[in-house]
Amino acid sequence: MKRRDFVLGLGTMAGAGVAVGVDGWRSHPVHQRPSVALSLPSHDAQPLRELAAQKNLLYGAATQKRFLTSDPIFASYFQRECGVLTPEVELKWKRLRPTPNEFNFNDGDWLANFAAQNQMALRGHTLVWHKGLPPWFATHINALNARDQMLKHIETVVGHFAGRVHSWDVVNEAVFPLHHRRDGLRENPWLQMLGPNYIEMAFQAAAAADPNTLLVYNEVALDFDENDKKRAATLALLQRLKAKKVPIHALGIQGHLRGKTKINAEKLKTFLREVSALGLKIMITELDVTDRAFPRDIDQRDRQVAEIYSEYLSVVLQEPAVNALITWGLSDRYIWLKNEARKDVALPRPLPLDRQMNRKLAWSAIANNLKAAPKR
Ligand code: G3I
């Protein structure tokens with residue numbers, strides 16, 4: 001009996017009182033089940049960053065300067081748990097570019113210093129995306145100047161942080177099969193102004209500006225059973241880029257999970273292997289589990305969220321090409337509510353620590369799967 005099935009069995013018990021695990025759980029009445037591997041950790045349990053480092057992996061989270069500066073308690077827990085920091089907003093166009101001719105690196109530099117002072121790797125997120133753009137973008141960027149503007153942005157920003165960034169999300173969410181293009185790409189402003197080659201242009205500019213950072217293509221919705229077309233179109237893009245010897249080093253799989261959507265372990269495992277076979281590393285860049293579909297009861301909700309973390313990580317962390325795991329936030333105290341809001345207005349609980357900074361079952365699910373992961 002794999003530990004994962006224990007978790008699945010118990011989790012479902014917590015939900016509906018009936019086991020759906022494999023190997024005989026069905027007949028076990030709830031109260032007779034042995035305790036399972038997933039339990040709340042002791043307060044002095046090793047931090048996630050140390051468990052990851054023991055396997056030559058990175059664990060960390062996205063956060064914002066305003067949380068770290070206004071909340072020293074949160075900052076101390078972030079320092080304890082995280083070996084990598086992704087600026088949630090500070091390295092996007094909207095923050096870096098207050099006007100068309102101005103770059104403001106103050107917040108990005110503050111976060112880069114915080115990461116360096118706490119021996120954290122710093123992620124760059126993100127150079128080319130169709131969101132997170134400043135209000136002036138639509139009126140100042142057009143087909144005539146888009147190439148120069150995109151290259152100027154990349155050269156200036158990557159050059160400014162050269163030597164300080166572990167990996168850059170060079171292009172974010174460029175694939176969207178529902179736009180029915182043969183190449184599966186999203187009809188975003190960059191594609192409309194520059195054509196599909198904007199992607200390789202961005203990677204080549206980033207490589208020239210900092211030859212020592214990992215260059216990542218970052219994508220959402222690659223995780224679920226239903227995402228066949230997204231996985232196929234993303235793999236095809238990566239194959240085209242590799243065939244053209246574009247300097248790309250990794251695929252970022254965001255990993256925004258939600259309760260009711262099924263994970264197909266075999267499909268996910270196959271996709272990871274196909275990406276790895278291209279010579280690419282894989283980073284889980286934005287992992288969280290939206291609990292909107294789960295009951296209001298906190299114990300049940302936390303256990304079902306932890307089940308999803310464990311089910312997903314029991315697949316992805318077994319893939320040797322996966323070198324980093326970043327959750328999209330560390331504590332439920334700071335989440336982007338728009339993404340997570342619940343109809344019953346209960347406060348969402350998608351992350352490893354609760355609002356009081358206690359480690360949750362989701363934390364244990366991550367810890368258990370880091371411990372079970374092969375060393376890189
Ligand atoms: O800081 C300002 C605040 O001063 C102002 O009062 C407020 C109201 O306008 O806006 C605040 O800025 C917001 C910012 O988050 C900081 O909280 C922006 O409006 C809001 O658009 C921005 O949203 C971020 C979003 O990306 C767009 O950049 C979310 O925090 C962030 O979690 C989300 O992250 C994305 C990844 O980059 C890509 N993958 C999906 C993921 C989740 O959507």
# chains A, B, ... in the order shown; residues from 1 in each chain; ligands from 1
$ closest_atom_pairs --of "chain A" --to "ligand 1" --cutoff "9 Å" --atoms "only C-alpha atoms and all ligand atoms" --output "CSV"
residue,atom,partner,partner_atom_place_in_ligand_line,distance
A:Ala62,CA,ligand 1,32 (O),8.3
A:Thr63,CA,ligand 1,32 (O),8.7
A:Gln64,CA,ligand 1,16 (C),7.7
A:Arg66,CA,ligand 1,1 (O),8.6
A:Pro87,CA,ligand 1,37 (O),8.9
A:Glu88,CA,ligand 1,31 (C),5.6
A:Val89,CA,ligand 1,28 (O),5.5
A:Glu90,CA,ligand 1,16 (C),8.5
A:Lys92,CA,ligand 1,28 (O),7.0
A:Lys94,CA,ligand 1,28 (O),7.8
A:Arg95,CA,ligand 1,12 (O),8.8
A:His125,CA,ligand 1,37 (O),7.0
A:Thr126,CA,ligand 1,37 (O),7.3
A:Trp129,CA,ligand 1,38 (C),8.6
A:Lys131,CA,ligand 1,27 (C),6.1
A:Gly132,CA,ligand 1,28 (O),4.1
A:Leu133,CA,ligand 1,28 (O),7.9
A:Asn172,CA,ligand 1,38 (C),7.2
A:Glu173,CA,ligand 1,39 (N),7.8
A:Asn218,CA,ligand 1,39 (N),8.4
A:Glu219,CA,ligand 1,39 (N),7.8
A:Val220,CA,ligand 1,39 (N),6.7
A:Gln254,CA,ligand 1,39 (N),6.7
A:His256,CA,ligand 1,40 (C),7.8
A:Thr285,CA,ligand 1,39 (N),8.8
A:Glu286,CA,ligand 1,39 (N),6.9
A:Trp328,CA,ligand 1,32 (O),7.2
A:Gly329,CA,ligand 1,32 (O),8.4
A:Ile335,CA,ligand 1,32 (O),7.3
A:Trp336,CA,ligand 1,32 (O),5.2
A:Leu337,CA,ligand 1,30 (O),8.7
A:Lys338,CA,ligand 1,43 (O),8.5
A:Asn339,CA,ligand 1,43 (O),6.5
$ select_by_dssp --residues "region 154-344 of chain A" --states "alpha helix (DSSP H)" --output "number ranges by chain"
A: 154-160, 189-194, 198-209, 228-243, 265-276, 298-316, 337-340
$ select_by_dssp --residues "region 95-229 of chain A" --states "strand (DSSP E or B)" --output "list of chain:residue names"
A:Ala121, A:Leu122, A:Arg123, A:Gly124, A:His125, A:Thr126, A:Leu127, A:Val128, A:Ser167, A:Trp168, A:Asp169, A:Val170, A:Val171, A:Asn172, A:Val175, A:Leu185, A:Leu214, A:Leu215, A:Val216, A:Tyr217, A:Asn218, A:Glu219
$ residues_around --residues "region 73-76 of chain A" --least-positions-apart "5" --cutoff "10 Å" --atoms "only C-alpha atoms" --output "list of chain:residue names"
A:Thr63, A:Lys65, A:Phe67, A:Leu68, A:Glu81, A:Phe114, A:Leu330, A:Ser331, A:Arg333, A:Tyr334, A:Arg355, A:Gln356, A:Met357
$ residues_around --residues "region 56-59 of chain A" --least-positions-apart "6" --cutoff "7 Å" --atoms "only C-alpha atoms" --output "list in words"
Leu48, Arg49, Cys82, Gly83, Val84, Asn323, Ala324, Leu325, Ile326, Lys375 and Arg376 of chain A
$ write_last_selection --atoms "all heavy atoms" --output "CSV table (one decimal), in the first residue's frame"
chain,number,residue,atom,x,y,z
A,48,LEU,N,10.9,23.3,5.0
A,48,LEU,CA,10.8,22.8,3.7
A,48,LEU,C,12.1,23.1,2.8
A,48,LEU,O,12.5,22.2,2.0
A,48,LEU,CB,9.6,23.3,3.0
A,48,LEU,CG,8.2,22.9,3.6
A,48,LEU,CD1,7.1,23.6,2.9
A,48,LEU,CD2,8.0,21.4,3.6
A,49,ARG,N,12.7,24.2,3.0
A,49,ARG,CA,13.9,24.5,2.2
A,49,ARG,C,15.0,23.5,2.5
A,49,ARG,O,15.8,23.2,1.6
A,49,ARG,CB,14.4,26.0,2.5
A,49,ARG,CG,14.9,26.3,3.9
A,49,ARG,CD,15.3,27.7,4.0
A,49,ARG,NE,16.5,28.1,3.2
A,49,ARG,CZ,17.0,29.3,3.1
A,49,ARG,NH1,16.4,30.3,3.7
A,49,ARG,NH2,18.0,29.6,2.3
A,82,CYS,N,11.7,29.1,3.2
A,82,CYS,CA,11.9,29.3,1.7
A,82,CYS,C,13.3,29.4,1.3
A,82,CYS,O,14.1,30.3,1.8
A,82,CYS,CB,11.1,30.5,1.3
A,82,CYS,SG,9.3,30.3,1.5
A,83,GLY,N,13.7,28.6,0.3
A,83,GLY,CA,15.0,28.7,-0.3
A,83,GLY,C,15.0,29.4,-1.6
A,83,GLY,O,16.0,29.5,-2.3
A,84,VAL,N,13.8,29.8,-2.0
A,84,VAL,CA,13.7,30.5,-3.3
A,84,VAL,C,12.5,31.5,-3.1
A,84,VAL,O,11.5,31.2,-2.4
A,84,VAL,CB,13.5,29.6,-4.5
A,84,VAL,CG1,12.4,28.6,-4.3
A,84,VAL,CG2,13.3,30.4,-5.8
A,323,ASN,N,13.4,20.4,-10.8
A,323,ASN,CA,14.5,20.8,-9.9
A,323,ASN,C,14.1,21.9,-8.8
A,323,ASN,O,14.8,22.3,-8.0
A,323,ASN,CB,15.7,21.4,-10.7
A,323,ASN,CG,15.3,22.7,-11.5
A,323,ASN,OD1,14.2,23.2,-11.3
A,323,ASN,ND2,16.2,23.2,-12.3
A,324,ALA,N,12.8,22.3,-8.9
A,324,ALA,CA,12.3,23.3,-8.0
A,324,ALA,C,10.8,23.2,-7.8
A,324,ALA,O,10.1,22.9,-8.7
A,324,ALA,CB,12.7,24.7,-8.5
A,325,LEU,N,10.4,23.6,-6.6
A,325,LEU,CA,9.0,23.6,-6.2
A,325,LEU,C,8.7,24.9,-5.5
A,325,LEU,O,9.3,25.2,-4.5
A,325,LEU,CB,8.7,22.4,-5.3
A,325,LEU,CG,7.3,22.5,-4.6
A,325,LEU,CD1,6.2,22.5,-5.6
A,325,LEU,CD2,7.2,21.3,-3.7
A,326,ILE,N,7.9,25.7,-6.1
A,326,ILE,CA,7.5,27.0,-5.6
A,326,ILE,C,6.0,27.1,-5.4
A,326,ILE,O,5.3,26.8,-6.4
A,326,ILE,CB,8.0,28.2,-6.5
A,326,ILE,CG1,9.5,28.2,-6.6
A,326,ILE,CG2,7.5,29.6,-6.0
A,326,ILE,CD1,10.1,27.6,-7.9
A,375,LYS,N,17.1,11.9,-4.8
A,375,LYS,CA,18.1,13.0,-4.8
A,375,LYS,C,18.5,13.2,-6.2
A,375,LYS,O,18.7,12.3,-7.0
A,375,LYS,CB,19.3,12.5,-3.9
A,375,LYS,CG,20.3,13.7,-3.7
A,375,LYS,CD,21.3,13.3,-2.6
A,375,LYS,CE,22.2,14.5,-2.3
A,375,LYS,NZ,23.0,14.3,-1.1
A,376,ARG,N,18.7,14.6,-6.5
A,376,ARG,CA,19.1,15.0,-7.9
A,376,ARG,C,20.6,14.9,-8.0
A,376,ARG,O,21.3,15.2,-7.0
A,376,ARG,CB,18.6,16.4,-8.2
A,376,ARG,CG,17.2,16.4,-8.8
A,376,ARG,CD,16.1,15.8,-8.0
A,376,ARG,NE,14.8,16.0,-8.6
A,376,ARG,CZ,13.7,15.3,-8.2
A,376,ARG,NH1,13.8,14.4,-7.2
A,376,ARG,NH2,12.5,15.5,-8.8
$ atom_distance --atom1 "CA of Ser42 (chain A)" --atom2 "CA of Pro320 (chain A)"
28.9 Å
$ closest_residue --among "A:Asp169, A:Glu307, A:Asp148, A:Glu266" --to "Asp228 (chain A)" --atoms "only C-alpha atoms"
A:Glu266
$ atom_distance --atom1 "CA of Phe203 (chain A)" --atom2 "CA of Glu187 (chain A)"
18.9 Å
$ closest_residue --among "A:Gln117, A:Asn264, A:Thr139, A:Ser310" --to "Asp288 (chain A)" --atoms "only C-alpha atoms"
A:Ser310
$ closest_residue --among "A:His180, A:His166, A:Arg296, A:Arg342" --to "Ala121 (chain A)" --atoms "only C-alpha atoms"
A:His166
$ closest_residue --among "A:Pro134, A:Pro100, A:Gly255, A:Pro295" --to "Thr327 (chain A)" --atoms "only C-alpha atoms"
A:Gly255
$ residues_around --residues "Phe161 (chain A)" --least-positions-apart "5" --cutoff "12 Å" --atoms "only C-alpha atoms" --output "compact mmCIF listing (two decimals) with N, CA, C and O atoms, in the first residue's frame"
# COMPACT_ATOMS: atom_id res chain seq x y z
N LEU A 91 8.38 42.40 -10.45
CA LEU A 91 9.22 42.33 -11.67
C LEU A 91 8.38 42.26 -12.93
O LEU A 91 8.84 41.84 -14.00
N PHE A 105 13.46 50.15 -10.36
CA PHE A 105 13.95 48.87 -9.83
C PHE A 105 13.92 48.82 -8.30
O PHE A 105 14.40 47.84 -7.72
N ASN A 106 13.40 49.85 -7.65
CA ASN A 106 13.51 49.91 -6.17
C ASN A 106 12.96 48.65 -5.50
O ASN A 106 13.64 48.02 -4.70
N GLY A 108 12.18 45.72 -6.81
CA GLY A 108 12.87 44.50 -7.27
C GLY A 108 14.22 44.36 -6.59
O GLY A 108 14.59 43.27 -6.13
N ASP A 109 14.94 45.49 -6.44
CA ASP A 109 16.24 45.44 -5.77
C ASP A 109 16.09 45.09 -4.30
O ASP A 109 16.89 44.34 -3.74
N TRP A 110 15.02 45.61 -3.68
CA TRP A 110 14.80 45.29 -2.26
C TRP A 110 14.61 43.78 -2.09
O TRP A 110 15.21 43.14 -1.24
N LEU A 111 13.80 43.19 -2.97
CA LEU A 111 13.55 41.75 -2.88
C LEU A 111 14.80 40.94 -3.23
O LEU A 111 15.09 39.92 -2.61
N ALA A 112 15.57 41.42 -4.19
CA ALA A 112 16.83 40.73 -4.55
C ALA A 112 17.79 40.76 -3.36
O ALA A 112 18.44 39.74 -3.05
N ASN A 113 17.85 41.89 -2.65
CA ASN A 113 18.71 41.97 -1.47
C ASN A 113 18.20 41.06 -0.35
O ASN A 113 18.98 40.36 0.30
N LEU A 122 16.65 33.73 -6.27
CA LEU A 122 15.64 34.70 -6.70
C LEU A 122 15.12 34.31 -8.09
O LEU A 122 15.92 34.01 -8.98
N ARG A 123 13.80 34.28 -8.24
CA ARG A 123 13.22 34.02 -9.55
C ARG A 123 12.83 35.33 -10.20
O ARG A 123 12.40 36.28 -9.50
N GLY A 124 12.95 35.42 -11.52
CA GLY A 124 12.48 36.59 -12.25
C GLY A 124 11.15 36.25 -12.91
O GLY A 124 11.06 35.31 -13.70
N ILE A 154 13.64 43.75 -22.00
CA ILE A 154 14.37 42.54 -21.59
C ILE A 154 15.85 42.86 -21.34
O ILE A 154 16.41 42.51 -20.30
N GLU A 155 16.47 43.56 -22.27
CA GLU A 155 17.90 43.86 -22.10
C GLU A 155 18.16 44.70 -20.85
O GLU A 155 19.08 44.46 -20.09
N THR A 156 17.28 45.68 -20.60
CA THR A 156 17.48 46.57 -19.44
C THR A 156 17.21 45.83 -18.14
O THR A 156 18.01 45.91 -17.19
N HIS A 166 18.24 33.40 -10.31
CA HIS A 166 18.41 31.97 -10.58
C HIS A 166 17.78 31.60 -11.92
O HIS A 166 18.37 30.85 -12.72
N SER A 167 16.58 32.11 -12.17
CA SER A 167 15.85 31.72 -13.39
C SER A 167 14.81 32.78 -13.71
O SER A 167 14.18 33.35 -12.80
N TRP A 168 14.67 33.06 -14.99
CA TRP A 168 13.68 34.03 -15.47
C TRP A 168 12.54 33.33 -16.18
O TRP A 168 12.78 32.47 -17.04
N ALA A 206 17.16 37.64 -23.71
CA ALA A 206 17.44 37.36 -22.29
C ALA A 206 18.78 36.65 -22.14
O ALA A 206 19.58 36.97 -21.26
N ALA A 209 21.57 39.08 -22.41
CA ALA A 209 21.67 40.01 -21.28
C ALA A 209 22.21 39.36 -20.02
O ALA A 209 22.81 40.03 -19.17
N ASP A 210 21.98 38.06 -19.85
CA ASP A 210 22.55 37.35 -18.69
C ASP A 210 22.76 35.89 -19.06
O ASP A 210 21.87 35.07 -18.93
N PRO A 211 23.96 35.53 -19.52
CA PRO A 211 24.23 34.15 -19.95
C PRO A 211 24.19 33.14 -18.80
O PRO A 211 24.21 31.94 -19.04
N ASN A 212 24.11 33.62 -17.56
CA ASN A 212 24.22 32.69 -16.43
C ASN A 212 22.91 32.40 -15.71
O ASN A 212 22.90 31.77 -14.66
N THR A 213 21.79 32.88 -16.26
CA THR A 213 20.51 32.59 -15.61
C THR A 213 19.78 31.52 -16.40
O THR A 213 19.99 31.37 -17.61
$ residues_around --residues "Leu238 (chain A)" --least-positions-apart "6" --cutoff "9 Å" --atoms "only C-alpha atoms" --output "PyMOL selection string"
chain A and resi 217+248+251+275+278
$ write_last_selection --atoms "C-alpha atoms" --output "PDB file, in the first residue's frame"
ATOM      1  CA  TYR A 217       8.978  29.103 -20.527  1.00  0.00           C
ATOM      2  CA  ILE A 248      15.643  27.801 -23.376  1.00  0.00           C
ATOM      3  CA  LEU A 251       9.586  24.528 -18.618  1.00  0.00           C
ATOM      4  CA  VAL A 275       9.669  17.518 -21.687  1.00  0.00           C
ATOM      5  CA  LEU A 278      14.045  17.538 -24.854  1.00  0.00           C
TER       6      LEU A 278
END
$ closest_residue --among "A:Tyr309, A:Phe78, A:Trp93, A:Phe103" --to "Val128 (chain A)" --atoms "only C-alpha atoms"
A:Trp93
$ closest_residue --among "A:His249, A:Arg147, A:His160, A:Arg182" --to "Met201 (chain A)" --atoms "only C-alpha atoms"
A:Arg147
$ residues_around --residues "region 359-363 of chain A" --least-positions-apart "6" --cutoff "12 Å" --atoms "only C-alpha atoms" --output "VMD selection string"
chain A and resid 7 11 36 to 49 51 59 77 81 287 to 291 298 to 313 327 330 to 332 349 to 353 369 to 370
$ decode --residues "region 227-245 of chain A" --atoms "N, CA, C and O atoms" --output "mmCIF file, in the first residue's frame"
data_model
loop_
_atom_site.group_PDB
_atom_site.id
_atom_site.type_symbol
_atom_site.label_atom_id
_atom_site.label_comp_id
_atom_site.auth_asym_id
_atom_site.auth_seq_id
_atom_site.Cartn_x
_atom_site.Cartn_y
_atom_site.Cartn_z
ATOM 1 N N ASN A 227 -6.419 18.450 -19.681
ATOM 2 C CA ASN A 227 -5.516 19.396 -20.363
ATOM 3 C C ASN A 227 -4.687 18.784 -21.500
ATOM 4 O O ASN A 227 -3.585 19.260 -21.803
ATOM 5 N N ASP A 228 -5.202 17.759 -22.162
ATOM 6 C CA ASP A 228 -4.408 17.106 -23.221
ATOM 7 C C ASP A 228 -3.946 18.096 -24.293
ATOM 8 O O ASP A 228 -2.771 18.121 -24.676
ATOM 9 N N LYS A 229 -4.869 18.928 -24.765
ATOM 10 C CA LYS A 229 -4.528 19.836 -25.871
ATOM 11 C C LYS A 229 -3.485 20.858 -25.431
ATOM 12 O O LYS A 229 -2.572 21.212 -26.175
ATOM 13 N N LYS A 230 -3.609 21.332 -24.217
ATOM 14 C CA LYS A 230 -2.639 22.322 -23.700
ATOM 15 C C LYS A 230 -1.254 21.696 -23.595
ATOM 16 O O LYS A 230 -0.246 22.305 -23.969
ATOM 17 N N ARG A 231 -1.203 20.460 -23.067
ATOM 18 C CA ARG A 231 0.100 19.789 -22.950
ATOM 19 C C ARG A 231 0.697 19.564 -24.346
ATOM 20 O O ARG A 231 1.881 19.844 -24.577
ATOM 21 N N ALA A 232 -0.116 19.106 -25.286
ATOM 22 C CA ALA A 232 0.397 18.806 -26.629
ATOM 23 C C ALA A 232 0.909 20.078 -27.306
ATOM 24 O O ALA A 232 1.998 20.087 -27.895
ATOM 25 N N ALA A 233 0.151 21.170 -27.190
ATOM 26 C CA ALA A 233 0.561 22.417 -27.846
ATOM 27 C C ALA A 233 1.809 22.999 -27.184
ATOM 28 O O ALA A 233 2.694 23.552 -27.849
ATOM 29 N N THR A 234 1.903 22.853 -25.862
ATOM 30 C CA THR A 234 3.087 23.356 -25.156
ATOM 31 C C THR A 234 4.322 22.538 -25.535
ATOM 32 O O THR A 234 5.395 23.088 -25.800
ATOM 33 N N LEU A 235 4.153 21.214 -25.585
ATOM 34 C CA LEU A 235 5.271 20.351 -25.988
ATOM 35 C C LEU A 235 5.722 20.677 -27.419
ATOM 36 O O LEU A 235 6.926 20.766 -27.696
ATOM 37 N N ALA A 236 4.766 20.934 -28.288
ATOM 38 C CA ALA A 236 5.100 21.259 -29.687
ATOM 39 C C ALA A 236 5.887 22.573 -29.756
ATOM 40 O O ALA A 236 6.862 22.695 -30.508
ATOM 41 N N LEU A 237 5.480 23.556 -28.931
ATOM 42 C CA LEU A 237 6.225 24.827 -28.890
ATOM 43 C C LEU A 237 7.658 24.576 -28.424
ATOM 44 O O LEU A 237 8.621 25.056 -29.027
ATOM 45 N N LEU A 238 7.798 23.796 -27.358
ATOM 46 C CA LEU A 238 9.142 23.514 -26.840
ATOM 47 C C LEU A 238 9.978 22.780 -27.892
ATOM 48 O O LEU A 238 11.174 23.081 -28.066
ATOM 49 N N GLN A 239 9.370 21.865 -28.609
ATOM 50 C CA GLN A 239 10.104 21.132 -29.656
ATOM 51 C C GLN A 239 10.569 22.087 -30.759
ATOM 52 O O GLN A 239 11.715 22.015 -31.214
ATOM 53 N N ARG A 240 9.701 23.048 -31.142
ATOM 54 C CA ARG A 240 10.083 24.009 -32.183
ATOM 55 C C ARG A 240 11.240 24.885 -31.703
ATOM 56 O O ARG A 240 12.219 25.136 -32.416
ATOM 57 N N LEU A 241 11.148 25.327 -30.458
ATOM 58 C CA LEU A 241 12.207 26.191 -29.923
ATOM 59 C C LEU A 241 13.534 25.435 -29.847
ATOM 60 O O LEU A 241 14.590 25.951 -30.222
ATOM 61 N N LYS A 242 13.476 24.192 -29.375
ATOM 62 C CA LYS A 242 14.712 23.406 -29.289
ATOM 63 C C LYS A 242 15.282 23.123 -30.679
ATOM 64 O O LYS A 242 16.487 23.172 -30.908
ATOM 65 N N ALA A 243 14.400 22.852 -31.651
ATOM 66 C CA ALA A 243 14.868 22.560 -33.024
ATOM 67 C C ALA A 243 15.574 23.773 -33.623
ATOM 68 O O ALA A 243 16.510 23.630 -34.418
ATOM 69 N N LYS A 244 15.135 24.971 -33.186
ATOM 70 C CA LYS A 244 15.760 26.207 -33.719
ATOM 71 C C LYS A 244 16.922 26.663 -32.835
ATOM 72 O O LYS A 244 17.425 27.777 -32.956
ATOM 73 N N LYS A 245 17.300 25.788 -31.866
ATOM 74 C CA LYS A 245 18.425 26.079 -30.945
ATOM 75 C C LYS A 245 18.216 27.399 -30.184
ATOM 76 O O LYS A 245 19.181 28.139 -29.906
#
